[in-house]
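So the structure is just underneath, and the comments pick up after that.
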Amino acid sequence: MLQVKDIYKTFNPGTVNEKTALNGLALELQEGDFVTVIGGNGAGKSTMLNAIAGVWTVDEGKIFIDGIDVTKLPEHKRAKYLGRVFQDPMTGTAANMQIEENLALAARRGAKRTLRIGITQKERESYKEKLKILDLGLEERLTAKVGLLSGGQRQALTLLMATLQKPKLLLLDEHTAALDPKTAAKVLDATDRIVAKDNLTTIMITHNMKDAIAHGNRLIMMHEGRVIYDVRGEEKKNLKVADLLAKFEQVSGTEFANDRMMLT
Amino acid sequence: MNIISLFNALPGACAQGLIWGIMAIGVYITYKILDLADLTVDGTMCTGGAVCIMMMLNGFPVEISLIAAFVVGMLAGLVTGVFHTTMGIPAILAGILTQLGLYSVNLRIMGSKSNQAINVDKYDLLVSLRYIKDVPFYQNAIFIAAIFVIVIVAVLYWFFGTELGSSIRATGCNQNMSRAQGINTDFCKILGLMLSNGIVALASGLYAQYQGFADVNMGRGAIVIGLAAVIIGEVVFGKIKGNFAFKLLSVALGAIIYYIVLQIVLWLGLNSNDLKLISALVVAVFLAIPFVKRKYFSKPVKKGGV
Ligand SMILES: Nc1ncnc2c1ncn2[C@@H]1O[C@H](COP(=O)(O)OP(=O)(O)O)[C@@H](O)[C@H]1O
Ligand SMILES: [Mg+2]
């Protein structure tokens with residue numbers, strides 16, 4: 001479903017701020033894979049998702065989604081294949097627009113925007129149904145401005161928007177990190193339900209090792225712009241947080257300890 | 001200080017306000033919807049009038065001349081849009097560049113004259129300051145300008161409700177989200193700038209007819225008047241809960257208020273040379289309000305859960 005072939009990305013080349021964020025990263029996902037991604041701060045996790053999403057083009061290497069070479073495709077064209085939820089709850093939704101307007105924008109991902117009406121009555125009904133899966137009561141507030149929602153509600157809505165048009169690949173970048181633990185659990189719950197319902201191929205970055213082990217069928221660890229550990233199936237299920245910590249120390253020579261909340 | 005003279009000036013102020021209200025609706029599209037400050041309008045607020053007057057002087061009917069003004073305004077917006085998106089120039093600078101270039105273009109359109117007059121007795125003008133009193137209502141400049149405002153508001157209300165219009169609104173609100181949802185944000189910005197400048201040029205075409213001439217300086221400071229109208233509309237009518245059409249309408253009403261206040265200030269004996277200074281100061285104060293509110297009067301926000 002996804003093939004990332006030896007991609008490189010250096011930010012601010014030739015300056016004192018030069019930073020090689022992706023250093024020959026390679027990754028392949030099968031259809032239906034749900035991969036969790038962990039790694040220290042600055043390991044290149046977000047950069048990997050941005051490369052796949054086409055926020056900028058990579059310096060070297062190729063990216064294929066479902067066999068289609070998207071390496072040179074601009075962000076808004078790749079969006080056709082991708083659903084995305086970001087770490088910052090502000091990023092994924094348009095605050096000045098209504099819940100139903102946001103959903104209607106998302107429902108047209110990958111389609112041409114025409115002079116037809118932006119949201120039909122029939123759609124409204126279907127959004128009501130779909131919002132129920134989030135279990136946040138948003139189905140009663142279709143015309144509320146998204147800016148009035150809490151961070152957790154916005155993330156849940158973004159998740160629904162990302163999957164309204166079934167994406168070939170769902171990219172989640174620490175989408176629960178900005179939320180309080182109770183809310184985070186709720187959003188994570190909704191994530192599992194939505195991914196399972198449509199059997200979505202998913203990459204989920206998390207700073208929480210327990211979550212990384214508990215969710216998905218595969219886990220990768222990143223360090224200095226590459227994948228340094230890749231487990232799946234039974235082996236992954238039987239992982240312990242201690243195993244991951246040991247693995248990290250082994251490859252990086254440093255401790256995870258100074259990273260935020262990785263252990264919880 | 002004869003109160004009668006003030007009352008006599010008010011209908012004219014209304015007509016002027018309505019025409020500038022159309023212009024301000026154009027500014028609203030960039031400033032409020034796209035979240036861009038577009039200074040191109042200082043140029044297009046002359047270009048439209050220049051095109052319209054020159055075409056009429058050359059025998060074209062007023063309708064064709066106004067449509068041409070609209071199209072040429074769109075082209076000016078296209079230039080700014082390309083400067084900004086494909087060439088990566090900051091929006092303000094892109095607008096200033098187009099505006100400066102338009103000065104020469106405007107002179108060319110007007111046959112290298114800085115002013116071109118049109119005689120209301122010889123040409124079939126749609127609006128004129130001569131058609132304020134003692135004409136049947138359907139010729140009255142206020143009536144005609146009001147019709148223009150209503151039609152433009154209606155068309156924009158429809159347009160911004162379409163898929164395309166919604167994607168322009170989304171672009172102005174959150175570009176990351178828009179691109180993630182497959183919206184071509186560069187295209188949306190260009191389209192918004194074109195629409196805005198087309199409307200401004202249309203207003204310019206009407207205004208040139210109203211005052212009976214096109215002048216190379218008629219757009220100077222237009223952006224400030226446009227912003228003033230947007231802000232006044234927001235301050236006066238913002239508390240009323242209304243739909244998008246009402247918001248556009250309140251911009252036009254804001255422009256009328258601006259011109260009425262202007263008349264009163266002039267009537268009070270203020271030197272008209274000082275008007276631009278006062279306008280600039282008033283707009284600066286209003287633009288500062290959100291910032292000052294946030295900085296000095298904001299309450300700490302609660303951290304959000306579900
Ligand atoms: N747009 C950018 N410009 C410059 N540097 C960047 C940019 N994006 C990421 N980086 C740098 O690349 C490295 C990897 O960042 P990131 O992928 O965000 O790490 P993380 O694994 O914590 O998500 C960091 O050193 C970061 O500072
Ligand atoms: Mg990150």
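Residues are named by chain letter and number: chains run A, B, ... in the order of the structure tokens, numbers start at 1 in each chain, and ligands are numbered from 1 in the order shown.
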| Using only C-alpha atoms and all ligand atoms, which protein or nucleic acid residues are at most 6 Å from ligand 1, as a PyMOL selection string? | chain A and resi 11+21+41-47
Grab the residues selected above and save them as a PDB file, in the first residue's frame with N, CA and C atoms.
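Output contents, as saved in selection.pdb:
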ATOM      1  N   PHE A  11      17.018  19.921   6.079  1.00  0.00           N
ATOM      2  CA  PHE A  11      16.474  21.276   6.219  1.00  0.00           C
ATOM      3  C   PHE A  11      17.610  22.280   6.297  1.00  0.00           C
ATOM      4  N   ALA A  21      16.968  15.477   8.541  1.00  0.00           N
ATOM      5  CA  ALA A  21      15.874  14.928   9.344  1.00  0.00           C
ATOM      6  C   ALA A  21      15.496  13.528   8.884  1.00  0.00           C
ATOM      7  N   ASN A  41      12.522  12.643  20.623  1.00  0.00           N
ATOM      8  CA  ASN A  41      12.242  13.946  20.012  1.00  0.00           C
ATOM      9  C   ASN A  41      13.242  14.229  18.914  1.00  0.00           C
ATOM     10  N   GLY A  42      12.747  14.663  17.785  1.00  0.00           N
ATOM     11  CA  GLY A  42      13.638  15.011  16.685  1.00  0.00           C
ATOM     12  C   GLY A  42      14.120  13.810  15.893  1.00  0.00           C
ATOM     13  N   ALA A  43      13.517  12.656  16.122  1.00  0.00           N
ATOM     14  CA  ALA A  43      13.934  11.445  15.407  1.00  0.00           C
ATOM     15  C   ALA A  43      13.537  11.488  13.938  1.00  0.00           C
ATOM     16  N   GLY A  44      12.583  12.363  13.614  1.00  0.00           N
ATOM     17  CA  GLY A  44      12.150  12.475  12.227  1.00  0.00           C
ATOM     18  C   GLY A  44      10.778  11.861  11.969  1.00  0.00           C
ATOM     19  N   LYS A  45      10.043  11.596  13.034  1.00  0.00           N
ATOM     20  CA  LYS A  45       8.720  10.961  12.878  1.00  0.00           C
ATOM     21  C   LYS A  45       7.754  11.865  12.116  1.00  0.00           C
ATOM     22  N   SER A  46       7.606  13.101  12.592  1.00  0.00           N
ATOM     23  CA  SER A  46       6.699  14.038  11.907  1.00  0.00           C
ATOM     24  C   SER A  46       7.195  14.312  10.496  1.00  0.00           C
ATOM     25  N   THR A  47       8.511  14.430  10.368  1.00  0.00           N
ATOM     26  CA  THR A  47       9.078  14.700   9.049  1.00  0.00           C
ATOM     27  C   THR A  47       8.727  13.575   8.068  1.00  0.00           C
TER      28      THR A  47
END
| request: Write out as a count of residues only every residue belonging to chain B that has an atom at most 6 Å from any atom of chain A, counting only C-alpha atoms. | output: 16
| Residue list (helix (DSSP H, G or I), DSSP) for segment 70-273 of chain B, as a PyMOL selection string | chain B and resi 70-85+91-109+137-139+141-159+163-173+175-180+185-211+222-237+244-267+272-273
| query | Hey, what's within 8 Å of Gln30 of chain A if we count only C-alpha atoms and toss same-chain stuff fewer than 5 positions away? As an MDAnalysis selection string, please? | reply | chainID A and resid 1:2 201
| Using only C-alpha atoms, which residues sit within 9 Å of Ala68 of chain B once same-chain residues fewer than 6 positions away are excluded, as a PyMOL selection string? | chain B and resi 48+51-52+55+202
| as a list in words, which residues of segment 72-163 of chain B does DSSP assign to strand (DSSP E or B)? | Asn115, Gln116, Ala117 and Thr162 of chain B
| For Arg193 of chain A, the nearest of the candidates A:Ala214, A:Val251, A:Val227, A:Ile133, counting only C-alpha atoms |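 Using only C-alpha atoms, the shortest distance to Arg193 of chain A belongs to A:Ile133.
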| query | If you count only C-alpha atoms, which residues fall within 9 Å of segment 141-144 of chain B, apart from same-chain ones fewer than 2 positions away, as number ranges by chain? | reply | B: 11-12, 14-16, 18-19, 126-132, 137-139, 146-149, 210
Put those residues in a file: N, CA, C and O atoms, as a short mmCIF file (atom, residue, chain, number, x, y, z; two decimals), in the first residue's frame.
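Contents of the output file out-v2.cif:
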data_model
loop_
_atom_site.label_atom_id
_atom_site.label_comp_id
_atom_site.auth_asym_id
_atom_site.auth_seq_id
_atom_site.Cartn_x
_atom_site.Cartn_y
_atom_site.Cartn_z
N PRO B 11 -27.87 63.09 1.17
CA PRO B 11 -28.16 62.13 0.10
C PRO B 11 -26.92 61.82 -0.73
O PRO B 11 -26.68 60.65 -1.08
N GLY B 12 -26.13 62.83 -1.03
CA GLY B 12 -24.89 62.60 -1.77
C GLY B 12 -23.97 61.68 -1.01
O GLY B 12 -23.37 60.76 -1.57
N CYS B 14 -24.84 59.42 1.07
CA CYS B 14 -25.40 58.06 0.99
C CYS B 14 -25.00 57.39 -0.32
O CYS B 14 -24.57 56.23 -0.33
N ALA B 15 -25.15 58.10 -1.41
CA ALA B 15 -24.82 57.53 -2.72
C ALA B 15 -23.34 57.17 -2.77
O ALA B 15 -22.96 56.06 -3.16
N GLN B 16 -22.50 58.11 -2.34
CA GLN B 16 -21.06 57.85 -2.31
C GLN B 16 -20.75 56.66 -1.42
O GLN B 16 -19.95 55.79 -1.78
N LEU B 18 -22.64 54.16 -0.64
CA LEU B 18 -23.06 52.90 -1.25
C LEU B 18 -22.05 52.43 -2.29
O LEU B 18 -21.70 51.24 -2.36
N ILE B 19 -21.56 53.38 -3.10
CA ILE B 19 -20.60 52.99 -4.14
C ILE B 19 -19.30 52.51 -3.49
O ILE B 19 -18.74 51.49 -3.86
N LEU B 126 -25.00 55.85 -15.70
CA LEU B 126 -25.88 55.07 -14.83
C LEU B 126 -26.11 55.80 -13.51
O LEU B 126 -27.21 55.83 -12.98
N VAL B 127 -25.03 56.36 -12.99
CA VAL B 127 -25.13 57.12 -11.73
C VAL B 127 -24.39 58.44 -11.90
O VAL B 127 -23.38 58.52 -12.59
N SER B 128 -24.93 59.48 -11.28
CA SER B 128 -24.24 60.77 -11.33
C SER B 128 -24.66 61.58 -10.12
O SER B 128 -25.77 61.42 -9.61
N LEU B 129 -23.79 62.44 -9.65
CA LEU B 129 -24.17 63.27 -8.51
C LEU B 129 -25.25 64.27 -8.91
O LEU B 129 -25.88 64.89 -8.07
N ARG B 130 -25.47 64.39 -10.22
CA ARG B 130 -26.57 65.23 -10.67
C ARG B 130 -27.92 64.53 -10.55
O ARG B 130 -28.96 65.16 -10.56
N TYR B 131 -27.88 63.21 -10.44
CA TYR B 131 -29.13 62.45 -10.32
C TYR B 131 -29.43 62.11 -8.86
O TYR B 131 -29.65 60.96 -8.51
N ILE B 132 -29.39 63.08 -8.01
CA ILE B 132 -29.68 62.81 -6.60
C ILE B 132 -31.05 63.36 -6.24
O ILE B 132 -31.84 62.72 -5.56
N PHE B 137 -37.34 58.07 -9.13
CA PHE B 137 -36.55 57.26 -8.19
C PHE B 137 -35.66 56.24 -8.90
O PHE B 137 -34.57 55.94 -8.47
N TYR B 138 -36.14 55.71 -10.05
CA TYR B 138 -35.35 54.68 -10.72
C TYR B 138 -34.11 55.24 -11.41
O TYR B 138 -33.30 54.50 -11.93
N GLN B 139 -33.98 56.58 -11.43
CA GLN B 139 -32.73 57.16 -11.96
C GLN B 139 -31.85 57.65 -10.84
O GLN B 139 -30.68 58.00 -11.05
N ALA B 146 -27.82 51.19 -4.67
CA ALA B 146 -28.38 50.19 -3.74
C ALA B 146 -28.68 48.89 -4.47
O ALA B 146 -28.42 47.79 -3.96
N ILE B 147 -29.21 49.00 -5.71
CA ILE B 147 -29.47 47.80 -6.49
C ILE B 147 -28.18 47.03 -6.73
O ILE B 147 -28.11 45.80 -6.57
N PHE B 148 -27.13 47.78 -7.09
CA PHE B 148 -25.83 47.13 -7.30
C PHE B 148 -25.39 46.39 -6.04
O PHE B 148 -24.95 45.24 -6.09
N VAL B 149 -25.49 47.06 -4.90
CA VAL B 149 -25.07 46.43 -3.64
C VAL B 149 -25.86 45.14 -3.40
O VAL B 149 -25.28 44.08 -3.12
N TYR B 210 -20.17 58.67 -11.25
CA TYR B 210 -20.83 59.49 -10.23
C TYR B 210 -20.20 60.87 -10.15
O TYR B 210 -20.89 61.90 -10.17
#
| request: Take atom CA of Ile29 of chain B and atom CA of Leu195 of chain B and report the distance between them in Å, one decimal. | output: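 Computing it gives 8.0 Å between the two atoms.
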| With distances taken over only C-alpha atoms and all ligand atoms, which of A:Thr202, A:Thr71, A:Asn238, A:Asn50 is nearest to ligand 2? |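 Comparing A:Thr202, A:Thr71, A:Asn238, A:Asn50 against ligand 2, the winner is A:Asn50.
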| request: Check the smallest atom-to-atom distance from each of B:Ile260, B:Val151, B:Val135, B:Ile53 to Ile199 of chain B using only C-alpha atoms, then report the winner. | output: B:Val151
| note | Atom pair atom CA of Met48 of chain A + atom CA of Thr20 of chain A, distance 11.9 Å
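Computed from the coordinates, the atom CA of Ser5 of chain B to atom CA of Asp134 of chain B distance equals 17.1 Å.
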| Distance query Ile257 of chain B at most 10 Å, only C-alpha atoms, self and fewer than 3 positions along chain excluded, as number ranges by chain | B: 13-14, 17-18, 21, 228-229, 232-233, 236, 251-254, 260-263
Using the selection just defined, write its residues with N, CA and C atoms as a PDB file, in the first residue's frame.
ATOM      1  N   ALA B  13     -23.892  61.895   0.309  1.00  0.00           N
ATOM      2  CA  ALA B  13     -23.034  61.043   1.141  1.00  0.00           C
ATOM      3  C   ALA B  13     -23.514  59.598   1.086  1.00  0.00           C
ATOM      4  N   CYS B  14     -24.838  59.418   1.067  1.00  0.00           N
ATOM      5  CA  CYS B  14     -25.399  58.061   0.989  1.00  0.00           C
ATOM      6  C   CYS B  14     -25.004  57.391  -0.321  1.00  0.00           C
ATOM      7  N   GLY B  17     -21.394  56.645  -0.249  1.00  0.00           N
ATOM      8  CA  GLY B  17     -21.174  55.552   0.692  1.00  0.00           C
ATOM      9  C   GLY B  17     -21.541  54.212   0.088  1.00  0.00           C
ATOM     10  N   LEU B  18     -22.636  54.161  -0.640  1.00  0.00           N
ATOM     11  CA  LEU B  18     -23.056  52.899  -1.252  1.00  0.00           C
ATOM     12  C   LEU B  18     -22.047  52.433  -2.294  1.00  0.00           C
ATOM     13  N   GLY B  21     -19.201  51.329  -0.636  1.00  0.00           N
ATOM     14  CA  GLY B  21     -19.586  50.087   0.034  1.00  0.00           C
ATOM     15  C   GLY B  21     -19.314  48.883  -0.853  1.00  0.00           C
ATOM     16  N   ALA B 228     -11.982  50.860   6.748  1.00  0.00           N
ATOM     17  CA  ALA B 228     -12.822  51.615   7.678  1.00  0.00           C
ATOM     18  C   ALA B 228     -14.259  51.114   7.594  1.00  0.00           C
ATOM     19  N   ALA B 229     -14.752  50.920   6.374  1.00  0.00           N
ATOM     20  CA  ALA B 229     -16.125  50.448   6.197  1.00  0.00           C
ATOM     21  C   ALA B 229     -16.312  49.058   6.801  1.00  0.00           C
ATOM     22  N   ILE B 232     -16.203  49.552  10.662  1.00  0.00           N
ATOM     23  CA  ILE B 232     -17.412  50.217  11.174  1.00  0.00           C
ATOM     24  C   ILE B 232     -18.591  49.249  11.107  1.00  0.00           C
ATOM     25  N   GLY B 233     -18.708  48.551   9.978  1.00  0.00           N
ATOM     26  CA  GLY B 233     -19.790  47.582   9.824  1.00  0.00           C
ATOM     27  C   GLY B 233     -19.760  46.549  10.935  1.00  0.00           C
ATOM     28  N   VAL B 236     -20.601  48.294  14.462  1.00  0.00           N
ATOM     29  CA  VAL B 236     -21.995  48.724  14.620  1.00  0.00           C
ATOM     30  C   VAL B 236     -22.977  47.551  14.547  1.00  0.00           C
ATOM     31  N   VAL B 251     -21.099  45.701   5.755  1.00  0.00           N
ATOM     32  CA  VAL B 251     -19.919  46.386   5.225  1.00  0.00           C
ATOM     33  C   VAL B 251     -20.354  47.604   4.410  1.00  0.00           C
ATOM     34  N   ALA B 252     -21.368  47.397   3.559  1.00  0.00           N
ATOM     35  CA  ALA B 252     -21.869  48.507   2.741  1.00  0.00           C
ATOM     36  C   ALA B 252     -22.461  49.595   3.637  1.00  0.00           C
ATOM     37  N   LEU B 253     -23.190  49.185   4.658  1.00  0.00           N
ATOM     38  CA  LEU B 253     -23.747  50.170   5.585  1.00  0.00           C
ATOM     39  C   LEU B 253     -22.624  50.898   6.326  1.00  0.00           C
ATOM     40  N   GLY B 254     -21.562  50.169   6.627  1.00  0.00           N
ATOM     41  CA  GLY B 254     -20.396  50.773   7.270  1.00  0.00           C
ATOM     42  C   GLY B 254     -19.827  51.896   6.415  1.00  0.00           C
ATOM     43  N   ILE B 260     -21.231  59.580   5.911  1.00  0.00           N
ATOM     44  CA  ILE B 260     -22.080  60.527   6.641  1.00  0.00           C
ATOM     45  C   ILE B 260     -21.263  61.231   7.731  1.00  0.00           C
ATOM     46  N   VAL B 261     -20.467  60.439   8.447  1.00  0.00           N
ATOM     47  CA  VAL B 261     -19.604  61.035   9.477  1.00  0.00           C
ATOM     48  C   VAL B 261     -18.664  62.052   8.840  1.00  0.00           C
ATOM     49  N   LEU B 262     -18.144  61.665   7.683  1.00  0.00           N
ATOM     50  CA  LEU B 262     -17.251  62.565   6.956  1.00  0.00           C
ATOM     51  C   LEU B 262     -17.941  63.896   6.659  1.00  0.00           C
ATOM     52  N   GLN B 263     -19.175  63.817   6.189  1.00  0.00           N
ATOM     53  CA  GLN B 263     -19.932  65.034   5.882  1.00  0.00           C
ATOM     54  C   GLN B 263     -20.106  65.898   7.130  1.00  0.00           C
TER      55      GLN B 263
END
| said: Counting only C-alpha atoms, which residue out of A:His215, A:Gly147, A:Ile99, A:Lys237 sits closest to Ala196 of chain A? | reply: A:His215
